[in-house]
Amino acid sequence: MTSPRKIVLAVGGGIAAYKAALLARECLRRGVEVRVAMTPASTRFVGPVTFTGLTGRPPVVDLWDPGHGGEVHVELADWADAIVVAPATASLLAKMVAGLADDPVTATLLCFGGPRLVAPAMHHRMWANDATQRNVEQLRRDGVRFVGPTDGPLASGASGLGRMAEPDVIADALERMLDELDGGADDAADLRGRTLVVTAGPTHEPLDPVRFLGNRSSGKMGYALAERAQRRGARVVLVSGPVALPAPAGVTVHGVTTALEMEAAVAPHLATADAIIMAAAVADFRPAEVSSSKLKKQAGVDVTTVALVRNPDILGGLGQARAASGTRRPMLVGFAVETEDVVGEARRKRISKQVDLVVGNHAGVAFEGDENEAVLVSATREDATGRLSKHALADRILDAVRAQLEG
Ligand SMILES: Cc1cc2nc3c(=O)[nH]c(=O)nc-3n(C[C@H](O)[C@H](O)[C@H](O)COP(=O)(O)O)c2cc1C
């Protein structure tokens, strides 16, 4: 497993500075440590406190702040594995070419010998200007990588080439750059040749055309597993319930809504997958009847009941089918989200469902956030992970999957 990667996010003074906050969050979600440096102009567009709240550390906004107790740009440059400049203004590009160092961003950049990723954002005429294009050309020759800009609506109301790449696209480019830094594909390819099926998110069980029974699963854990498995070389099929997350690059996503649909989407993979990881929060019950028209309030009726029927136990069904086949493939991994006795429930679930590994986690931390804390329960081991980003936890689970597949 690779150690957490550390980046300085260098924020320039353009309208797209607000998207730097989303980028910081996206990097953290992917398990990357983030510290922020801001140009004075950028602090006019987005408040430094926003980054303090997101990263847990105040951004560096002033080289002369006595609180830094030293040369903060040197310290930042020593700490970082990479620097991402987003948004990169026309002025910042020019300063990088000239080697100016008159604020926390430019001073840190000048002090840094590692990989730099730049996401320009500006009016299309600023981007097209010969001076900017010369600067971009020079920076490319200096080894700086670029992501974007893209063509589209700009803050001014005009449209053209100059819009900053979206945060998840920048984060993808960053991860590719960091992977190369880690030693390229070899280091990250320990699941190459494996096929992993991951389920994620909640299921929605319809009650009528506008209502459903659902749960608080965000899908982040399953998506983190799919992203990390793909980056480690696996072929990944992600069977996803309704979530608000972007499809991970390089992953085949099969979108479903209900538990029955999820079961039908997963079942064919039993014969071909190397591992099936059921991170989805599948509803145990669904309404017995789905009304074809919207259910209405009725005068004088204050209490009503909804009859529910059991959904199939997808994980248990896979365990049973595998046991009946007499093989130990695919490896089966389940999740137990509990409110009490997490370890006990994980042990019971592993045995009753006839699966290899159960990731026990507490409902209080498992949902919605970007972090989780789990215990990995197999027949031979119980590993408490402590609190981790969901991406780091995904790597721990995939380490266990790889170990079992290899051995
Ligand atoms: C409202 C407003 C929006 C701006 N948007 C951009 C922009 O998107 N891209 C850009 O290169 N400059 C933009 N500028 C100009 C920069 O803010 C200006 O060049 C500033 O000196 C850049 O400082 P920095 O690169 O040190 O952050 C904008 C200025 C204003 C007042």
# chains A, B, ... in the order shown; residues from 1 in each chain; ligands from 1
call {"tool": "residues_near_ligand", "arguments": {"ligand": "ligand 1", "cutoff": "9 Å", "atoms": "only C-alpha atoms and all ligand atoms", "output": "compact mmCIF listing (two decimals) with C-alpha atoms, in the first residue's frame"}}
result
# COMPACT_ATOMS: atom_id res chain seq x y z
CA VAL A 11 -4.83 29.01 -5.31
CA GLY A 12 -4.70 31.96 -7.73
CA GLY A 13 -6.96 34.99 -7.90
CA GLY A 14 -9.67 34.22 -10.40
CA ILE A 15 -13.40 33.58 -10.16
CA ALA A 16 -12.72 29.83 -10.32
CA ALA A 17 -11.02 30.07 -6.90
CA MET A 38 -3.10 31.41 -1.51
CA THR A 39 -2.11 34.49 -3.47
CA PRO A 40 -3.32 37.77 -1.97
CA ALA A 41 -5.69 38.20 -4.92
CA SER A 42 -7.24 34.77 -4.37
CA THR A 43 -8.25 35.69 -0.81
CA ARG A 44 -10.56 38.30 -2.35
CA PHE A 45 -12.44 35.57 -4.17
CA PRO A 87 -6.95 28.19 -10.62
CA ALA A 88 -3.80 29.35 -12.39
CA THR A 89 -4.32 32.94 -13.49
CA ALA A 90 -2.63 34.47 -16.52
CA SER A 91 -0.56 36.49 -14.08
CA LEU A 92 0.56 33.38 -12.15
CA LEU A 93 1.64 31.65 -15.37
CA ALA A 94 3.75 34.69 -16.23
CA LYS A 95 5.26 34.81 -12.75
CA ASP A 102 6.60 37.54 -4.10
CA ASP A 103 3.75 35.65 -2.40
CA VAL A 105 2.20 30.57 -4.04
CA THR A 106 5.04 31.77 -6.24
CA PRO A 120 -5.50 27.55 -15.91
CA ALA A 121 -8.68 29.59 -15.72
CA MET A 122 -9.21 32.92 -17.41
CA HIS A 123 -11.17 34.84 -20.01
CA MET A 126 -6.42 36.21 -21.88
CA TRP A 127 -5.80 32.53 -22.66
CA LEU A 154 -16.99 31.75 -18.60
CA ALA A 155 -17.69 33.93 -15.56
CA SER A 156 -17.97 37.03 -17.73
CA GLY A 162 -10.50 29.37 -20.66
CA ARG A 163 -12.79 27.59 -18.23
CA MET A 164 -11.01 25.69 -15.46
call {"tool": "residues_around", "arguments": {"residues": "range 300-316 of chain A", "least_positions_apart": "3", "cutoff": "9 Å", "atoms": "only C-alpha atoms", "output": "ChimeraX atom specification"}}
result
/A:207,259-260,262-263,266-267,278,282-289,297,319-321,332-334,352-355
call {"tool": "write_last_selection", "arguments": {"atoms": "C-alpha atoms", "output": "CSV table (one decimal), in the first residue's frame"}}
result
chain,number,residue,atom,x,y,z
A,207,LEU,CA,-43.8,3.1,-2.6
A,259,ALA,CA,-32.5,-4.5,-4.3
A,260,LEU,CA,-34.1,-6.9,-6.9
A,262,MET,CA,-29.0,-5.1,-7.7
A,263,GLU,CA,-29.4,-8.9,-7.2
A,266,VAL,CA,-24.6,-9.0,-9.4
A,267,ALA,CA,-25.7,-12.6,-10.0
A,278,MET,CA,-20.9,-5.9,-1.3
A,282,VAL,CA,-29.3,-3.0,0.4
A,283,ALA,CA,-32.8,-2.5,1.9
A,284,ASP,CA,-34.0,-5.6,3.8
A,285,PHE,CA,-37.6,-4.9,3.0
A,286,ARG,CA,-39.6,-3.3,0.2
A,287,PRO,CA,-43.2,-2.2,0.1
A,288,ALA,CA,-45.5,-5.2,-0.7
A,289,GLU,CA,-47.4,-3.1,-3.1
A,297,LYS,CA,-53.6,12.0,2.6
A,319,GLY,CA,-22.5,-17.4,-0.1
A,320,GLN,CA,-25.0,-20.2,-0.5
A,321,ALA,CA,-24.5,-20.5,-4.2
A,332,LEU,CA,-16.9,-12.7,-1.0
A,333,VAL,CA,-16.7,-9.6,1.1
A,334,GLY,CA,-19.6,-8.1,3.0
A,352,SER,CA,-24.1,-17.0,8.7
A,353,LYS,CA,-23.6,-15.7,5.2
A,354,GLN,CA,-20.7,-18.1,4.4
A,355,VAL,CA,-18.4,-15.3,3.2
call {"tool": "select_by_dssp", "arguments": {"residues": "range 33-218 of chain A", "states": "helix (DSSP H, G or I)", "output": "PyMOL selection string"}}
result
chain A and resi 42-45+48-55+66-68+72-79+90-98+104-111+124-128+130-141+167-181+185-188
call {"tool": "write_last_selection", "arguments": {"atoms": "C-alpha atoms", "output": "JSON list (two decimals), in the first residue's frame"}}
result
[["chain", "number", "residue", "atom", "x", "y", "z"],
["A", 42, "SER", "CA", -7.24, 34.77, -4.37],
["A", 43, "THR", "CA", -8.25, 35.69, -0.81],
["A", 44, "ARG", "CA", -10.56, 38.30, -2.35],
["A", 45, "PHE", "CA", -12.44, 35.57, -4.17],
["A", 48, "PRO", "CA", -9.07, 31.38, 3.73],
["A", 49, "VAL", "CA", -11.32, 30.07, 6.50],
["A", 50, "THR", "CA", -13.07, 27.91, 3.92],
["A", 51, "PHE", "CA", -9.82, 26.00, 3.41],
["A", 52, "THR", "CA", -9.14, 25.87, 7.14],
["A", 53, "GLY", "CA", -12.50, 24.21, 7.57],
["A", 54, "LEU", "CA", -11.93, 21.74, 4.76],
["A", 55, "THR", "CA", -8.31, 20.77, 5.42],
["A", 66, "PRO", "CA", 5.24, 35.68, 12.34],
["A", 67, "GLY", "CA", 3.14, 32.63, 13.24],
["A", 68, "HIS", "CA", 5.02, 30.58, 10.63],
["A", 72, "VAL", "CA", 7.10, 28.78, 5.31],
["A", 73, "HIS", "CA", 7.54, 28.47, 1.53],
["A", 74, "VAL", "CA", 10.61, 26.26, 2.09],
["A", 75, "GLU", "CA", 8.76, 24.16, 4.63],
["A", 76, "LEU", "CA", 5.75, 23.73, 2.32],
["A", 77, "ALA", "CA", 7.97, 22.81, -0.63],
["A", 78, "ASP", "CA", 9.84, 20.22, 1.47],
["A", 79, "TRP", "CA", 6.60, 18.71, 2.70],
["A", 90, "ALA", "CA", -2.63, 34.47, -16.52],
["A", 91, "SER", "CA", -0.56, 36.49, -14.08],
["A", 92, "LEU", "CA", 0.56, 33.38, -12.15],
["A", 93, "LEU", "CA", 1.64, 31.65, -15.37],
["A", 94, "ALA", "CA", 3.75, 34.69, -16.23],
["A", 95, "LYS", "CA", 5.26, 34.81, -12.75],
["A", 96, "MET", "CA", 6.12, 31.10, -12.89],
["A", 97, "VAL", "CA", 7.94, 31.63, -16.17],
["A", 98, "ALA", "CA", 9.79, 34.65, -14.83],
["A", 104, "PRO", "CA", 3.18, 32.23, -0.75],
["A", 105, "VAL", "CA", 2.20, 30.57, -4.04],
["A", 106, "THR", "CA", 5.04, 31.77, -6.24],
["A", 107, "ALA", "CA", 7.68, 31.47, -3.51],
["A", 108, "THR", "CA", 6.63, 27.85, -2.77],
["A", 109, "LEU", "CA", 6.58, 27.02, -6.47],
["A", 110, "LEU", "CA", 10.06, 28.42, -6.97],
["A", 111, "CYS", "CA", 11.35, 26.41, -4.03],
["A", 124, "HIS", "CA", -10.71, 33.24, -23.42],
["A", 125, "ARG", "CA", -8.92, 36.32, -24.76],
["A", 126, "MET", "CA", -6.42, 36.21, -21.88],
["A", 127, "TRP", "CA", -5.80, 32.53, -22.66],
["A", 128, "ALA", "CA", -5.45, 33.13, -26.41],
["A", 130, "ASP", "CA", 0.36, 35.42, -27.41],
["A", 131, "ALA", "CA", 2.02, 36.25, -24.09],
["A", 132, "THR", "CA", 0.00, 33.60, -22.24],
["A", 133, "GLN", "CA", 0.56, 31.02, -24.97],
["A", 134, "ARG", "CA", 4.31, 31.70, -24.90],
["A", 135, "ASN", "CA", 4.28, 31.26, -21.12],
["A", 136, "VAL", "CA", 2.37, 27.99, -21.37],
["A", 137, "GLU", "CA", 4.80, 26.72, -23.97],
["A", 138, "GLN", "CA", 7.76, 27.61, -21.76],
["A", 139, "LEU", "CA", 6.21, 26.01, -18.69],
["A", 140, "ARG", "CA", 5.55, 22.81, -20.63],
["A", 141, "ARG", "CA", 9.22, 22.78, -21.64],
["A", 167, "PRO", "CA", -12.33, 19.46, -9.75],
["A", 168, "ASP", "CA", -12.73, 15.71, -10.29],
["A", 169, "VAL", "CA", -10.91, 15.96, -13.63],
["A", 170, "ILE", "CA", -8.04, 17.83, -11.95],
["A", 171, "ALA", "CA", -8.00, 15.23, -9.15],
["A", 172, "ASP", "CA", -7.82, 12.43, -11.75],
["A", 173, "ALA", "CA", -4.87, 14.14, -13.46],
["A", 174, "LEU", "CA", -3.21, 14.62, -10.08],
["A", 175, "GLU", "CA", -3.62, 10.96, -9.16],
["A", 176, "ARG", "CA", -2.11, 9.90, -12.48],
["A", 177, "MET", "CA", 0.84, 12.19, -11.80],
["A", 178, "LEU", "CA", 1.26, 10.87, -8.26],
["A", 179, "ASP", "CA", 1.05, 7.26, -9.43],
["A", 180, "GLU", "CA", 3.92, 7.90, -11.82],
["A", 181, "LEU", "CA", 5.80, 9.44, -8.95],
["A", 185, "ALA", "CA", 2.02, 1.20, -12.81],
["A", 186, "ASP", "CA", 4.23, -1.53, -11.29],
["A", 187, "ASP", "CA", 3.80, -0.30, -7.75],
["A", 188, "ALA", "CA", 0.05, 0.03, -8.11]]
call {"tool": "select_by_dssp", "arguments": {"residues": "range 230-312 of chain A", "states": "strand (DSSP E or B)", "output": "PDB file with C-alpha atoms, in the first residue's frame"}}
result
ATOM      1  CA  ARG A 235     -10.993  -4.780 -14.033  1.00  0.00           C
ATOM      2  CA  VAL A 236     -13.844  -3.337 -11.989  1.00  0.00           C
ATOM      3  CA  VAL A 237     -17.599  -3.558 -12.373  1.00  0.00           C
ATOM      4  CA  LEU A 238     -19.408  -1.167 -10.045  1.00  0.00           C
ATOM      5  CA  VAL A 239     -23.053  -1.978  -9.407  1.00  0.00           C
ATOM      6  CA  SER A 240     -24.335   1.258  -8.003  1.00  0.00           C
ATOM      7  CA  THR A 252     -17.754  -0.135 -15.739  1.00  0.00           C
ATOM      8  CA  VAL A 253     -20.759   1.260 -13.871  1.00  0.00           C
ATOM      9  CA  HIS A 254     -24.062  -0.586 -13.832  1.00  0.00           C
ATOM     10  CA  GLY A 255     -26.696   1.694 -12.301  1.00  0.00           C
ATOM     11  CA  ALA A 275     -13.977 -11.129  -5.772  1.00  0.00           C
ATOM     12  CA  ILE A 276     -17.356  -9.576  -5.060  1.00  0.00           C
ATOM     13  CA  ILE A 277     -17.371  -6.787  -2.493  1.00  0.00           C
ATOM     14  CA  MET A 278     -20.853  -5.882  -1.296  1.00  0.00           C
ATOM     15  CA  ALA A 281     -26.617  -0.762   1.861  1.00  0.00           C
ATOM     16  CA  PHE A 285     -37.601  -4.886   2.974  1.00  0.00           C
ATOM     17  CA  ARG A 286     -39.612  -3.323   0.169  1.00  0.00           C
ATOM     18  CA  PRO A 287     -43.233  -2.191   0.084  1.00  0.00           C
ATOM     19  CA  LEU A 308     -43.343  -4.704   3.673  1.00  0.00           C
ATOM     20  CA  VAL A 309     -41.939  -7.890   2.210  1.00  0.00           C
ATOM     21  CA  ARG A 310     -38.419  -9.235   2.566  1.00  0.00           C
TER      22      ARG A 310
END
call {"tool": "atom_distance", "arguments": {"atom1": "CA of Gln298 in chain A", "atom2": "CA of Thr258 in chain A"}}
result
28.1 Å
call {"tool": "closest_residue", "arguments": {"among": "A:Asn361, A:Gln404, A:Thr272, A:Ser159", "to": "Leu388 in chain A", "atoms": "only C-alpha atoms"}}
result
A:Asn361
call {"tool": "atom_distance", "arguments": {"atom1": "CA of Glu33 in chain A", "atom2": "CA of Lys6 in chain A"}}
result
4.6 Å
call {"tool": "decode", "arguments": {"residues": "range 72-84 of chain A", "atoms": "N, CA and C atoms", "output": "PDB file, in the first residue's frame"}}
result
ATOM      1  N   VAL A  72       8.245  29.673   5.506  1.00  0.00           N
ATOM      2  CA  VAL A  72       7.102  28.784   5.313  1.00  0.00           C
ATOM      3  C   VAL A  72       7.078  28.212   3.897  1.00  0.00           C
ATOM      4  N   HIS A  73       7.555  28.973   2.916  1.00  0.00           N
ATOM      5  CA  HIS A  73       7.538  28.465   1.532  1.00  0.00           C
ATOM      6  C   HIS A  73       8.524  27.302   1.384  1.00  0.00           C
ATOM      7  N   VAL A  74       9.631  27.352   2.138  1.00  0.00           N
ATOM      8  CA  VAL A  74      10.607  26.259   2.088  1.00  0.00           C
ATOM      9  C   VAL A  74      10.008  25.023   2.770  1.00  0.00           C
ATOM     10  N   GLU A  75       9.364  25.269   3.887  1.00  0.00           N
ATOM     11  CA  GLU A  75       8.764  24.159   4.633  1.00  0.00           C
ATOM     12  C   GLU A  75       7.677  23.476   3.793  1.00  0.00           C
ATOM     13  N   LEU A  76       6.822  24.287   3.165  1.00  0.00           N
ATOM     14  CA  LEU A  76       5.750  23.728   2.322  1.00  0.00           C
ATOM     15  C   LEU A  76       6.334  22.926   1.163  1.00  0.00           C
ATOM     16  N   ALA A  77       7.365  23.487   0.529  1.00  0.00           N
ATOM     17  CA  ALA A  77       7.969  22.814  -0.631  1.00  0.00           C
ATOM     18  C   ALA A  77       8.630  21.499  -0.215  1.00  0.00           C
ATOM     19  N   ASP A  78       9.222  21.467   0.981  1.00  0.00           N
ATOM     20  CA  ASP A  78       9.844  20.223   1.465  1.00  0.00           C
ATOM     21  C   ASP A  78       8.792  19.158   1.771  1.00  0.00           C
ATOM     22  N   TRP A  79       7.641  19.627   2.250  1.00  0.00           N
ATOM     23  CA  TRP A  79       6.595  18.708   2.705  1.00  0.00           C
ATOM     24  C   TRP A  79       5.874  18.028   1.538  1.00  0.00           C
ATOM     25  N   ALA A  80       5.681  18.784   0.444  1.00  0.00           N
ATOM     26  CA  ALA A  80       4.757  18.336  -0.609  1.00  0.00           C
ATOM     27  C   ALA A  80       5.376  17.284  -1.530  1.00  0.00           C
ATOM     28  N   ASP A  81       4.525  16.349  -1.983  1.00  0.00           N
ATOM     29  CA  ASP A  81       4.915  15.439  -3.065  1.00  0.00           C
ATOM     30  C   ASP A  81       4.652  16.088  -4.419  1.00  0.00           C
ATOM     31  N   ALA A  82       3.679  17.000  -4.443  1.00  0.00           N
ATOM     32  CA  ALA A  82       3.325  17.664  -5.711  1.00  0.00           C
ATOM     33  C   ALA A  82       2.615  18.977  -5.386  1.00  0.00           C
ATOM     34  N   ILE A  83       2.645  19.880  -6.353  1.00  0.00           N
ATOM     35  CA  ILE A  83       1.885  21.129  -6.211  1.00  0.00           C
ATOM     36  C   ILE A  83       0.869  21.210  -7.332  1.00  0.00           C
ATOM     37  N   VAL A  84      -0.346  21.562  -6.964  1.00  0.00           N
ATOM     38  CA  VAL A  84      -1.401  21.780  -7.955  1.00  0.00           C
ATOM     39  C   VAL A  84      -1.774  23.255  -7.900  1.00  0.00           C
TER      40      VAL A  84
END
